[in-house]
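Heads up, the thing below is written out as structure tokens.
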Amino acid sequence: MAIGAGLLLFVLLAAVAVRATAVPTQAGGVPLRDLAADHGIRIGAAANPYLLEKNREYRSLLGEQYGSLTAENVMKWDTVQPERGVYDFSHADALVDFAEKNGQKMRGHTLLWHNQNPEWLSDGDFGPDELRSIMHDHIRTVVGGHFKGRMYAWDVINEPFRDNGGELRRNLWLRTLGEGYIADALRTAHAADPDARLYINDFSIEGRNAKSDALYALAESLLEQGVPLHGIGFQSHLSVGDVPGDMVENMRRFTDLGLEVTITELDISIDMPAREAELRAQADDYRTVVRNCLKVSRCTGVTVWGVGDADSWIPSWFPGQGAALPFDQDYSPKLAFGALQEELSKAGIGGTPFSPDAAPSGPGAAPTGYGTPAQHD
Ligand code: XIL
């Protein structure tokens with residue numbers, strides 16, 4: 001017995017040592033994607049095909065560290081269907097090809113949203129029948145016709161609630177089709193690719209509040225109607241020091257409904273210039289968010305919204321804030337990266353490891369919001 005256990009320990013330690021030293025990584029140590037896989041979760045990043053092409057550091061970090069990619073922009077409606085009936089998948093395909101070459105899974109982002117729509121759609125003034133058929137055509141072409149089997153999940157509905165509070169956002173879909181647009185889009189996406197996990201994704205829902213309560217009620221009612229909703233995406237655009245204390249409890253109430261949950265767009269902003277103390281606090285926050293996911297069975301993983309501070313959307317959308325990602329302006333690892341690596345290197349910390357491939361089908365910010373002023377709610 002004792003010899004058997006000793007031998008097992010030796011083999012395990014040897015395996016860890018070999019993995020840690022076998023291939024030198026750009027960031028040093030074992031890639032996050034491998035550490036995360038040991039817990040049955042995925043660590044992902046939002047990605048941009050233009051940077052992939054022109055920046056070597058970006059490209060190698062993206063490939064080595066992350067097991068899942070989300071298109072930061074190029075699967076949004078303005079890129080994919082810039083003119084009515086004219087689809088352009090060239091930018092998105094560059095990303096999907098990279099992911100497939102690097103053994104990475106892809107989350108599709110996003111189908112129905114109030115931002116980054118082409119003018120022909122946002123200013124089209126369509127009646128309900130026409131808008132419904134435009135929506136069906138888009139979902140069938142993108143999810144079924146083009147990407148079928150290549151996206152493991154889709155953010156079907158993005159940011160359906162107003163920036164703050166529990167009311168549905170009066171976006172073009174709600175104004176013309178009423179709130180049934182949500183169930184309709186989910187059903188259409190499910191018919192187009194029955195294997196894809198279908199999500200509602202939103203921000204400022206990480207803790208319990210009026211907005212996450214309203215989302216909970218919506219999710220419950222969709223599931224009661226047998227609508228194919230499989231998961232909730234917690235964007236998690238956070239400010240340093242603001243990880244809600246009740247995040248685990250909040251995510252668990254959604255998984256108790258039979259849903260999976262994913263941290264889909266994590267970044268943690270700092271008021272610039274960032275000082276050492278804030279970078280330390282940020283590292284603690286990154287650690288907490290990953291640990292929170294590990295504590296929730298059926299939390300599938302954590303995606304960060306970009307690779308390094310050089311490519312983050314934060315400074316241009318929230319002037320005065322920045323330094324929000326685990327790598328810096330030069331793609332060197334920050335304390336936050338070390339914290340992620342360390343946290344994921346620990347043995348299990350409770351919660352049942354999620355097994356993405358054995359997932360049952362469901363039974364079935366910025367804290368104060370963001371958005372171009374013209375397109376608010
Ligand atoms: C952001 C991108 O990062 C920016 O490059 C773009 O200018 C605006 O959109 N919620 C979402 C993401 O669901 O799609 C947004 O991405 C960030 C907030």
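Residues in the structure tokens are named by chain (A, B, ... in the order shown) and by number from 1 within that chain; ligands are numbered from 1 in the order shown.
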
- Task: Collect all residues with atoms no farther than 9 Å from ligand 1, counting only C-alpha atoms and all ligand atoms, and output them as number ranges by chain.
- Result: A: 46, 48, 71-73, 76, 109-110, 113, 115-116, 155, 158-159, 201-203, 235, 237, 264-265, 305-306, 311-314, 316-317, 365-366, 370-371

Selection from above, N, CA and C atoms, as a compact mmCIF listing (two decimals), in the first residue's frame, can you write it?
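File written: result_34.txt
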```txt
# COMPACT_ATOMS: atom_id res chain seq x y z
N ALA A 46 -10.61 37.30 -24.95
CA ALA A 46 -11.20 37.95 -26.12
C ALA A 46 -10.07 38.22 -27.09
N ASN A 48 -8.57 39.39 -31.22
CA ASN A 48 -8.73 40.35 -32.29
C ASN A 48 -7.81 39.93 -33.44
N ALA A 71 -14.44 36.16 -29.93
CA ALA A 71 -14.15 37.27 -30.84
C ALA A 71 -14.52 38.58 -30.13
N GLU A 72 -13.55 39.47 -29.95
CA GLU A 72 -13.86 40.72 -29.25
C GLU A 72 -14.87 41.54 -30.04
N ASN A 73 -14.72 41.56 -31.36
CA ASN A 73 -15.62 42.36 -32.20
C ASN A 73 -16.10 41.68 -33.48
N LYS A 76 -19.65 40.35 -34.39
CA LYS A 76 -20.80 41.23 -34.15
C LYS A 76 -21.46 41.54 -35.49
N HIS A 109 -19.69 35.27 -30.10
CA HIS A 109 -20.13 36.52 -29.46
C HIS A 109 -20.33 37.57 -30.55
N THR A 110 -21.48 38.04 -30.80
CA THR A 110 -22.75 37.81 -30.14
C THR A 110 -23.87 37.96 -31.16
N TRP A 113 -27.85 42.27 -29.92
CA TRP A 113 -27.31 43.28 -29.01
C TRP A 113 -27.82 44.63 -29.48
N ASN A 115 -25.66 47.32 -29.52
CA ASN A 115 -24.50 48.06 -30.02
C ASN A 115 -23.89 47.35 -31.22
N GLN A 116 -23.06 48.09 -31.96
CA GLN A 116 -22.32 47.53 -33.09
C GLN A 116 -23.23 46.81 -34.10
N ASP A 155 -23.19 33.56 -27.16
CA ASP A 155 -23.93 34.60 -26.44
C ASP A 155 -25.05 35.01 -27.39
N ASN A 158 -27.26 39.51 -25.77
CA ASN A 158 -26.25 40.28 -25.05
C ASN A 158 -26.88 41.51 -24.41
N GLU A 159 -26.68 41.65 -23.11
CA GLU A 159 -27.09 42.85 -22.38
C GLU A 159 -28.57 43.19 -22.57
N ASN A 201 -25.99 36.95 -21.75
CA ASN A 201 -24.74 37.52 -21.23
C ASN A 201 -25.01 38.96 -20.80
N ASP A 202 -24.55 39.35 -19.60
CA ASP A 202 -24.82 40.74 -19.20
C ASP A 202 -23.78 41.21 -18.19
N PHE A 203 -23.81 42.52 -17.89
CA PHE A 203 -22.85 43.07 -16.93
C PHE A 203 -23.58 43.60 -15.70
N GLN A 235 -20.39 39.00 -17.36
CA GLN A 235 -19.30 39.70 -18.05
C GLN A 235 -18.16 40.04 -17.09
N HIS A 237 -17.00 43.09 -15.92
CA HIS A 237 -16.16 44.28 -16.11
C HIS A 237 -16.17 45.00 -14.76
N THR A 264 -17.47 35.76 -18.52
CA THR A 264 -17.24 35.87 -19.97
C THR A 264 -16.35 37.02 -20.42
N GLU A 265 -16.20 38.09 -19.62
CA GLU A 265 -15.48 39.27 -20.14
C GLU A 265 -14.67 39.95 -19.03
N TRP A 305 -11.07 39.89 -20.93
CA TRP A 305 -11.48 40.66 -22.11
C TRP A 305 -10.28 41.35 -22.76
N GLY A 306 -9.42 40.52 -23.37
CA GLY A 306 -8.21 41.03 -24.01
C GLY A 306 -7.02 40.30 -23.43
N ASP A 311 -4.08 46.24 -25.43
CA ASP A 311 -5.21 46.01 -26.34
C ASP A 311 -6.56 46.06 -25.62
N SER A 312 -6.58 46.54 -24.38
CA SER A 312 -7.85 46.58 -23.63
C SER A 312 -8.74 47.73 -24.12
N TRP A 313 -10.05 47.48 -24.10
CA TRP A 313 -11.01 48.51 -24.51
C TRP A 313 -11.20 49.59 -23.44
N ILE A 314 -10.73 49.32 -22.21
CA ILE A 314 -11.08 50.18 -21.07
C ILE A 314 -10.64 51.65 -21.24
N SER A 316 -10.16 53.58 -23.72
CA SER A 316 -10.89 54.40 -24.68
C SER A 316 -12.37 54.54 -24.32
N TRP A 317 -12.91 53.62 -23.57
CA TRP A 317 -14.33 53.71 -23.19
C TRP A 317 -14.52 54.40 -21.84
N ALA A 365 -17.73 46.13 -16.43
CA ALA A 365 -18.51 47.12 -16.49
C ALA A 365 -17.99 48.11 -15.67
N ALA A 366 -18.54 47.54 -16.47
CA ALA A 366 -18.33 48.68 -15.61
C ALA A 366 -19.53 48.76 -14.69
N TYR A 370 -22.08 51.16 -19.34
CA TYR A 370 -21.29 51.81 -20.36
C TYR A 370 -22.14 51.84 -21.59
N GLY A 371 -21.59 52.33 -22.63
CA GLY A 371 -22.34 52.36 -23.89
C GLY A 371 -22.16 53.73 -24.50
```

- In segment 114-255 of chain A, what's alpha helix (DSSP H) per DSSP? Answer as a PyMOL selection string? chain A and resi 119-122+128-139+172-177+180-192+210-224+247-255

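For Leu259 of chain A, the set of protein, DNA and RNA residues having any atom at most 7 Å away, when counting only C-alpha atoms and skipping those fewer than 3 positions along the same chain, is His230, Gly231, Phe254, Thr255 and Gly362 of chain A.
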
Residue subset to file, keeping C-alpha atoms, as a PDB file, in the first residue's frame:
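Saved result, part_23.pdb, follows:
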```pdb
ATOM      1  CA  HIS A 230     -28.139  26.673 -21.171  1.00  0.00           C
ATOM      2  CA  GLY A 231     -26.053  29.297 -19.472  1.00  0.00           C
ATOM      3  CA  PHE A 254     -28.457  30.183 -11.423  1.00  0.00           C
ATOM      4  CA  THR A 255     -26.752  26.791 -11.419  1.00  0.00           C
ATOM      5  CA  GLY A 362     -30.474  22.720 -18.881  1.00  0.00           C
TER       6      GLY A 362
END
```

- Selection: 9 Å around segment 282-287 of chain A, only C-alpha atoms, excl. self and same-chain fewer than 2 positions, as number ranges by chain: A: 239-243, 266-270, 277-280, 289-292, 324, 326, 334-344

- Query: So which residues of segment 74-297 of chain A fall under strand (DSSP E) by DSSP, listed as a PyMOL selection string?
  - Reply: chain A and resi 105-112+153-158+197-202+231-234+237-239+260-271

May I have the selected residues written with N, CA and C atoms, as a short mmCIF file (atom, residue, chain, number, x, y, z; two decimals), in the first residue's frame?
```
data_model
loop_
_atom_site.label_atom_id
_atom_site.label_comp_id
_atom_site.auth_asym_id
_atom_site.auth_seq_id
_atom_site.Cartn_x
_atom_site.Cartn_y
_atom_site.Cartn_z
N LYS A 105 -11.01 26.17 -27.99
CA LYS A 105 -12.45 26.20 -28.28
C LYS A 105 -12.86 27.65 -28.51
N MET A 106 -13.99 27.83 -29.18
CA MET A 106 -14.46 29.21 -29.43
C MET A 106 -15.83 29.45 -28.83
N ARG A 107 -15.98 30.61 -28.16
CA ARG A 107 -17.31 31.09 -27.77
C ARG A 107 -17.75 32.07 -28.85
N GLY A 108 -18.96 31.92 -29.32
CA GLY A 108 -19.48 32.86 -30.31
C GLY A 108 -20.05 34.09 -29.61
N HIS A 109 -19.69 35.27 -30.10
CA HIS A 109 -20.13 36.52 -29.46
C HIS A 109 -20.33 37.57 -30.55
N THR A 110 -21.48 38.04 -30.80
CA THR A 110 -22.75 37.81 -30.14
C THR A 110 -23.87 37.96 -31.16
N LEU A 111 -25.07 37.48 -30.88
CA LEU A 111 -26.12 37.51 -31.92
C LEU A 111 -27.02 38.73 -31.81
N LEU A 112 -27.70 38.93 -30.69
CA LEU A 112 -28.59 40.09 -30.59
C LEU A 112 -28.12 41.04 -29.52
N ALA A 153 -20.17 27.51 -27.61
CA ALA A 153 -21.24 28.28 -26.93
C ALA A 153 -21.50 29.55 -27.73
N TRP A 154 -22.69 30.09 -27.59
CA TRP A 154 -23.03 31.38 -28.21
C TRP A 154 -23.64 32.31 -27.18
N ASP A 155 -23.19 33.56 -27.16
CA ASP A 155 -23.93 34.60 -26.44
C ASP A 155 -25.05 35.01 -27.39
N VAL A 156 -26.19 34.37 -27.21
CA VAL A 156 -27.30 34.63 -28.12
C VAL A 156 -27.88 36.01 -27.84
N ILE A 157 -28.06 36.30 -26.57
CA ILE A 157 -28.65 37.57 -26.16
C ILE A 157 -27.62 38.31 -25.34
N ASN A 158 -27.26 39.51 -25.77
CA ASN A 158 -26.25 40.28 -25.05
C ASN A 158 -26.88 41.51 -24.41
N ARG A 197 -23.93 25.55 -26.69
CA ARG A 197 -24.52 25.98 -25.42
C ARG A 197 -24.96 27.43 -25.59
N LEU A 198 -26.20 27.71 -25.26
CA LEU A 198 -26.77 29.03 -25.56
C LEU A 198 -26.90 29.89 -24.30
N TYR A 199 -26.40 31.12 -24.40
CA TYR A 199 -26.25 31.99 -23.23
C TYR A 199 -27.01 33.31 -23.35
N ILE A 200 -27.38 33.82 -22.19
CA ILE A 200 -27.69 35.24 -22.02
C ILE A 200 -26.49 35.82 -21.27
N ASN A 201 -25.99 36.95 -21.75
CA ASN A 201 -24.74 37.52 -21.23
C ASN A 201 -25.01 38.96 -20.80
N ASP A 202 -24.55 39.35 -19.60
CA ASP A 202 -24.82 40.74 -19.20
C ASP A 202 -23.78 41.21 -18.19
N GLY A 231 -27.02 28.67 -20.36
CA GLY A 231 -26.05 29.30 -19.47
C GLY A 231 -26.23 30.79 -19.33
N ILE A 232 -25.60 31.31 -18.27
CA ILE A 232 -25.59 32.75 -18.02
C ILE A 232 -24.13 33.21 -18.05
N GLY A 233 -23.87 34.25 -18.83
CA GLY A 233 -22.54 34.83 -18.90
C GLY A 233 -22.47 36.05 -17.98
N PHE A 234 -21.56 35.98 -17.03
CA PHE A 234 -21.32 37.12 -16.13
C PHE A 234 -20.12 37.88 -16.71
N HIS A 237 -17.00 43.09 -15.92
CA HIS A 237 -16.16 44.28 -16.11
C HIS A 237 -16.17 45.00 -14.76
N LEU A 238 -15.12 44.74 -13.99
CA LEU A 238 -15.11 45.19 -12.59
C LEU A 238 -14.08 46.29 -12.39
N SER A 239 -14.23 47.02 -11.28
CA SER A 239 -13.20 47.97 -10.86
C SER A 239 -12.48 47.35 -9.68
N GLU A 260 -25.58 26.37 -16.60
CA GLU A 260 -24.16 26.56 -16.34
C GLU A 260 -23.89 28.06 -16.29
N VAL A 261 -22.76 28.44 -15.72
CA VAL A 261 -22.39 29.85 -15.68
C VAL A 261 -20.95 29.99 -16.17
N THR A 262 -20.65 31.15 -16.74
CA THR A 262 -19.29 31.42 -17.22
C THR A 262 -18.97 32.88 -16.93
N ILE A 263 -17.73 33.15 -16.52
CA ILE A 263 -17.26 34.54 -16.43
C ILE A 263 -16.78 34.87 -17.83
N THR A 264 -17.47 35.76 -18.52
CA THR A 264 -17.24 35.87 -19.97
C THR A 264 -16.35 37.02 -20.42
N GLU A 265 -16.20 38.09 -19.62
CA GLU A 265 -15.48 39.27 -20.14
C GLU A 265 -14.67 39.95 -19.03
N LEU A 266 -13.98 39.16 -18.25
CA LEU A 266 -13.35 39.74 -17.05
C LEU A 266 -12.27 40.76 -17.38
N ASP A 267 -12.39 41.94 -16.78
CA ASP A 267 -11.26 42.87 -16.66
C ASP A 267 -11.47 43.66 -15.38
N ILE A 268 -10.39 44.14 -14.80
CA ILE A 268 -10.47 44.81 -13.50
C ILE A 268 -9.73 46.14 -13.61
N SER A 269 -10.50 47.20 -13.73
CA SER A 269 -9.93 48.52 -14.03
C SER A 269 -9.37 49.22 -12.81
N ILE A 270 -8.37 50.05 -13.09
CA ILE A 270 -7.71 50.84 -12.04
C ILE A 270 -7.76 52.30 -12.49
N ASP A 271 -7.94 53.22 -11.52
CA ASP A 271 -7.83 54.66 -11.86
C ASP A 271 -6.36 54.93 -12.16
#
```

- One decimal, Å: what's the distance from atom CA of Ser90 of chain A over to atom CA of Ala47 of chain A, could you say? 14.7 Å

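Distances from A:Ala219, A:Ala310, A:Ala192, A:Met247 to Thr288 of chain A were compared using only C-alpha atoms, and the smallest one belongs to A:Met247.
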
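Residue nearest Thr303 of chain A within the list A:Val248, A:Met272, A:Leu325, A:Met151: A:Leu325 [criterion: smallest interatomic distance, only C-alpha atoms].
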
- Query: What separation in Å, quoted to one decimal, exists between atom CA of Tyr50 of chain A and atom CA of His91 of chain A?
  - Reply: 8.4 Å

Any idea what's packed within 7 Å of segment 135-140 of chain A, counting only C-alpha atoms, ignoring anything in its chain fewer than 2 positions away? Could you give it as a PDB file with all heavy atoms, in the first residue's frame?
```pdb
ATOM      1  N   LEU A 111     -25.068  37.480 -30.876  1.00  0.00           N
ATOM      2  CA  LEU A 111     -26.116  37.507 -31.915  1.00  0.00           C
ATOM      3  C   LEU A 111     -27.024  38.733 -31.813  1.00  0.00           C
ATOM      4  O   LEU A 111     -27.133  39.495 -32.767  1.00  0.00           O
ATOM      5  CB  LEU A 111     -26.906  36.201 -31.887  1.00  0.00           C
ATOM      6  CG  LEU A 111     -26.039  34.966 -32.204  1.00  0.00           C
ATOM      7  CD1 LEU A 111     -26.806  33.684 -31.962  1.00  0.00           C
ATOM      8  CD2 LEU A 111     -25.529  35.015 -33.641  1.00  0.00           C
ATOM      9  N   LEU A 131     -38.634  42.376 -39.329  1.00  0.00           N
ATOM     10  CA  LEU A 131     -37.499  42.295 -38.395  1.00  0.00           C
ATOM     11  C   LEU A 131     -37.307  40.850 -37.913  1.00  0.00           C
ATOM     12  O   LEU A 131     -36.177  40.370 -37.795  1.00  0.00           O
ATOM     13  CB  LEU A 131     -37.693  43.234 -37.196  1.00  0.00           C
ATOM     14  CG  LEU A 131     -36.461  43.334 -36.298  1.00  0.00           C
ATOM     15  CD1 LEU A 131     -35.271  43.959 -37.041  1.00  0.00           C
ATOM     16  CD2 LEU A 131     -36.738  44.128 -35.024  1.00  0.00           C
ATOM     17  N   ARG A 132     -38.415  40.172 -37.673  1.00  0.00           N
ATOM     18  CA  ARG A 132     -38.307  38.767 -37.232  1.00  0.00           C
ATOM     19  C   ARG A 132     -37.626  37.936 -38.304  1.00  0.00           C
ATOM     20  O   ARG A 132     -36.745  37.120 -38.015  1.00  0.00           O
ATOM     21  CB  ARG A 132     -39.709  38.212 -36.923  1.00  0.00           C
ATOM     22  CG  ARG A 132     -39.676  36.918 -36.146  1.00  0.00           C
ATOM     23  CD  ARG A 132     -41.054  36.440 -35.694  1.00  0.00           C
ATOM     24  NE  ARG A 132     -41.750  37.394 -34.855  1.00  0.00           N
ATOM     25  CZ  ARG A 132     -42.828  38.104 -35.217  1.00  0.00           C
ATOM     26  NH1 ARG A 132     -43.350  37.965 -36.424  1.00  0.00           N
ATOM     27  NH2 ARG A 132     -43.389  38.960 -34.394  1.00  0.00           N
ATOM     28  N   SER A 133     -37.970  38.174 -39.542  1.00  0.00           N
ATOM     29  CA  SER A 133     -37.341  37.344 -40.577  1.00  0.00           C
ATOM     30  C   SER A 133     -35.871  37.731 -40.787  1.00  0.00           C
ATOM     31  O   SER A 133     -35.026  36.862 -41.049  1.00  0.00           O
ATOM     32  CB  SER A 133     -38.196  37.348 -41.852  1.00  0.00           C
ATOM     33  OG  SER A 133     -37.620  38.121 -42.835  1.00  0.00           O
ATOM     34  N   VAL A 142     -25.511  32.470 -39.535  1.00  0.00           N
ATOM     35  CA  VAL A 142     -24.273  32.558 -38.752  1.00  0.00           C
ATOM     36  C   VAL A 142     -24.071  31.283 -37.921  1.00  0.00           C
ATOM     37  O   VAL A 142     -23.017  30.640 -37.991  1.00  0.00           O
ATOM     38  CB  VAL A 142     -24.325  33.817 -37.843  1.00  0.00           C
ATOM     39  CG1 VAL A 142     -23.116  33.875 -36.923  1.00  0.00           C
ATOM     40  CG2 VAL A 142     -24.419  35.084 -38.695  1.00  0.00           C
ATOM     41  N   VAL A 143     -25.092  30.918 -37.146  1.00  0.00           N
ATOM     42  CA  VAL A 143     -24.939  29.800 -36.211  1.00  0.00           C
ATOM     43  C   VAL A 143     -25.008  28.456 -36.936  1.00  0.00           C
ATOM     44  O   VAL A 143     -24.226  27.543 -36.664  1.00  0.00           O
ATOM     45  CB  VAL A 143     -26.048  29.865 -35.121  1.00  0.00           C
ATOM     46  CG1 VAL A 143     -25.964  28.672 -34.172  1.00  0.00           C
ATOM     47  CG2 VAL A 143     -25.943  31.174 -34.355  1.00  0.00           C
ATOM     48  N   GLY A 144     -25.950  28.352 -37.863  1.00  0.00           N
ATOM     49  CA  GLY A 144     -26.142  27.083 -38.566  1.00  0.00           C
ATOM     50  C   GLY A 144     -25.286  27.008 -39.817  1.00  0.00           C
ATOM     51  O   GLY A 144     -24.369  26.209 -39.928  1.00  0.00           O
ATOM     52  N   GLY A 145     -25.559  27.890 -40.751  1.00  0.00           N
ATOM     53  CA  GLY A 145     -24.893  27.818 -42.053  1.00  0.00           C
ATOM     54  C   GLY A 145     -23.384  27.913 -41.957  1.00  0.00           C
ATOM     55  O   GLY A 145     -22.663  27.105 -42.527  1.00  0.00           O
ATOM     56  N   THR A 188     -34.330  29.627 -32.220  1.00  0.00           N
ATOM     57  CA  THR A 188     -33.790  29.628 -33.589  1.00  0.00           C
ATOM     58  C   THR A 188     -32.326  29.186 -33.583  1.00  0.00           C
ATOM     59  O   THR A 188     -31.881  28.404 -34.435  1.00  0.00           O
ATOM     60  CB  THR A 188     -33.940  31.031 -34.211  1.00  0.00           C
ATOM     61  OG1 THR A 188     -35.288  31.458 -34.046  1.00  0.00           O
ATOM     62  CG2 THR A 188     -33.577  31.054 -35.683  1.00  0.00           C
ATOM     63  N   ALA A 189     -31.570  29.664 -32.592  1.00  0.00           N
ATOM     64  CA  ALA A 189     -30.150  29.283 -32.505  1.00  0.00           C
ATOM     65  C   ALA A 189     -30.021  27.794 -32.201  1.00  0.00           C
ATOM     66  O   ALA A 189     -29.158  27.102 -32.749  1.00  0.00           O
ATOM     67  CB  ALA A 189     -29.453  30.112 -31.425  1.00  0.00           C
ATOM     68  N   ALA A 192     -30.529  25.795 -35.190  1.00  0.00           N
ATOM     69  CA  ALA A 192     -29.424  25.962 -36.146  1.00  0.00           C
ATOM     70  C   ALA A 192     -28.195  25.151 -35.749  1.00  0.00           C
ATOM     71  O   ALA A 192     -27.462  24.663 -36.608  1.00  0.00           O
ATOM     72  CB  ALA A 192     -29.062  27.451 -36.258  1.00  0.00           C
TER      73      ALA A 192
END
```

- Task: Take atom CA of Ile43 of chain A and atom CA of Gln104 of chain A and report the distance between them in Å, one decimal.
- Result: 10.2 Å

Just want the 9 Å neighbourhood of Pro244 of chain A, counted on only C-alpha atoms, with same-chain residues fewer than 4 positions away dropped. Output as a tab-separated table (two decimals) with all heavy atoms, in the first residue's frame.
```
chain	number	residue	atom	x	y	z
A	206	GLU	N	-23.00	40.41	-11.30
A	206	GLU	CA	-22.12	39.46	-10.61
A	206	GLU	C	-22.57	39.21	-9.17
A	206	GLU	O	-22.42	38.11	-8.65
A	206	GLU	CB	-20.67	39.97	-10.64
A	206	GLU	CG	-20.04	39.95	-12.04
A	206	GLU	CD	-20.59	41.02	-12.99
A	206	GLU	OE1	-20.96	42.12	-12.51
A	206	GLU	OE2	-20.64	40.76	-14.22
A	207	GLY	N	-23.12	40.24	-8.54
A	207	GLY	CA	-23.67	40.07	-7.19
A	207	GLY	C	-25.19	40.07	-7.26
A	207	GLY	O	-25.79	40.22	-8.33
A	208	ARG	N	-25.79	39.90	-6.10
A	208	ARG	CA	-27.26	39.97	-6.07
A	208	ARG	C	-27.67	41.42	-6.07
A	208	ARG	O	-27.24	42.21	-5.25
A	208	ARG	CB	-27.78	39.31	-4.79
A	208	ARG	CG	-27.85	37.81	-4.89
A	208	ARG	CD	-28.56	37.26	-3.69
A	208	ARG	NE	-29.99	37.19	-3.95
A	208	ARG	CZ	-30.74	36.11	-3.76
A	208	ARG	NH1	-30.18	35.01	-3.29
A	208	ARG	NH2	-32.02	36.12	-4.01
A	248	VAL	N	-20.40	34.14	-5.39
A	248	VAL	CA	-20.56	32.68	-5.45
A	248	VAL	C	-22.01	32.32	-5.21
A	248	VAL	O	-22.63	31.55	-5.98
A	248	VAL	CB	-19.65	32.00	-4.39
A	248	VAL	CG1	-20.01	30.53	-4.23
A	248	VAL	CG2	-18.19	32.16	-4.79
```

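Compared by their closest atoms to Ile182 of chain A, and using only C-alpha atoms, the residues A:Pro160, A:Arg252, A:Arg169, A:Asp195 rank with A:Pro160 nearest.
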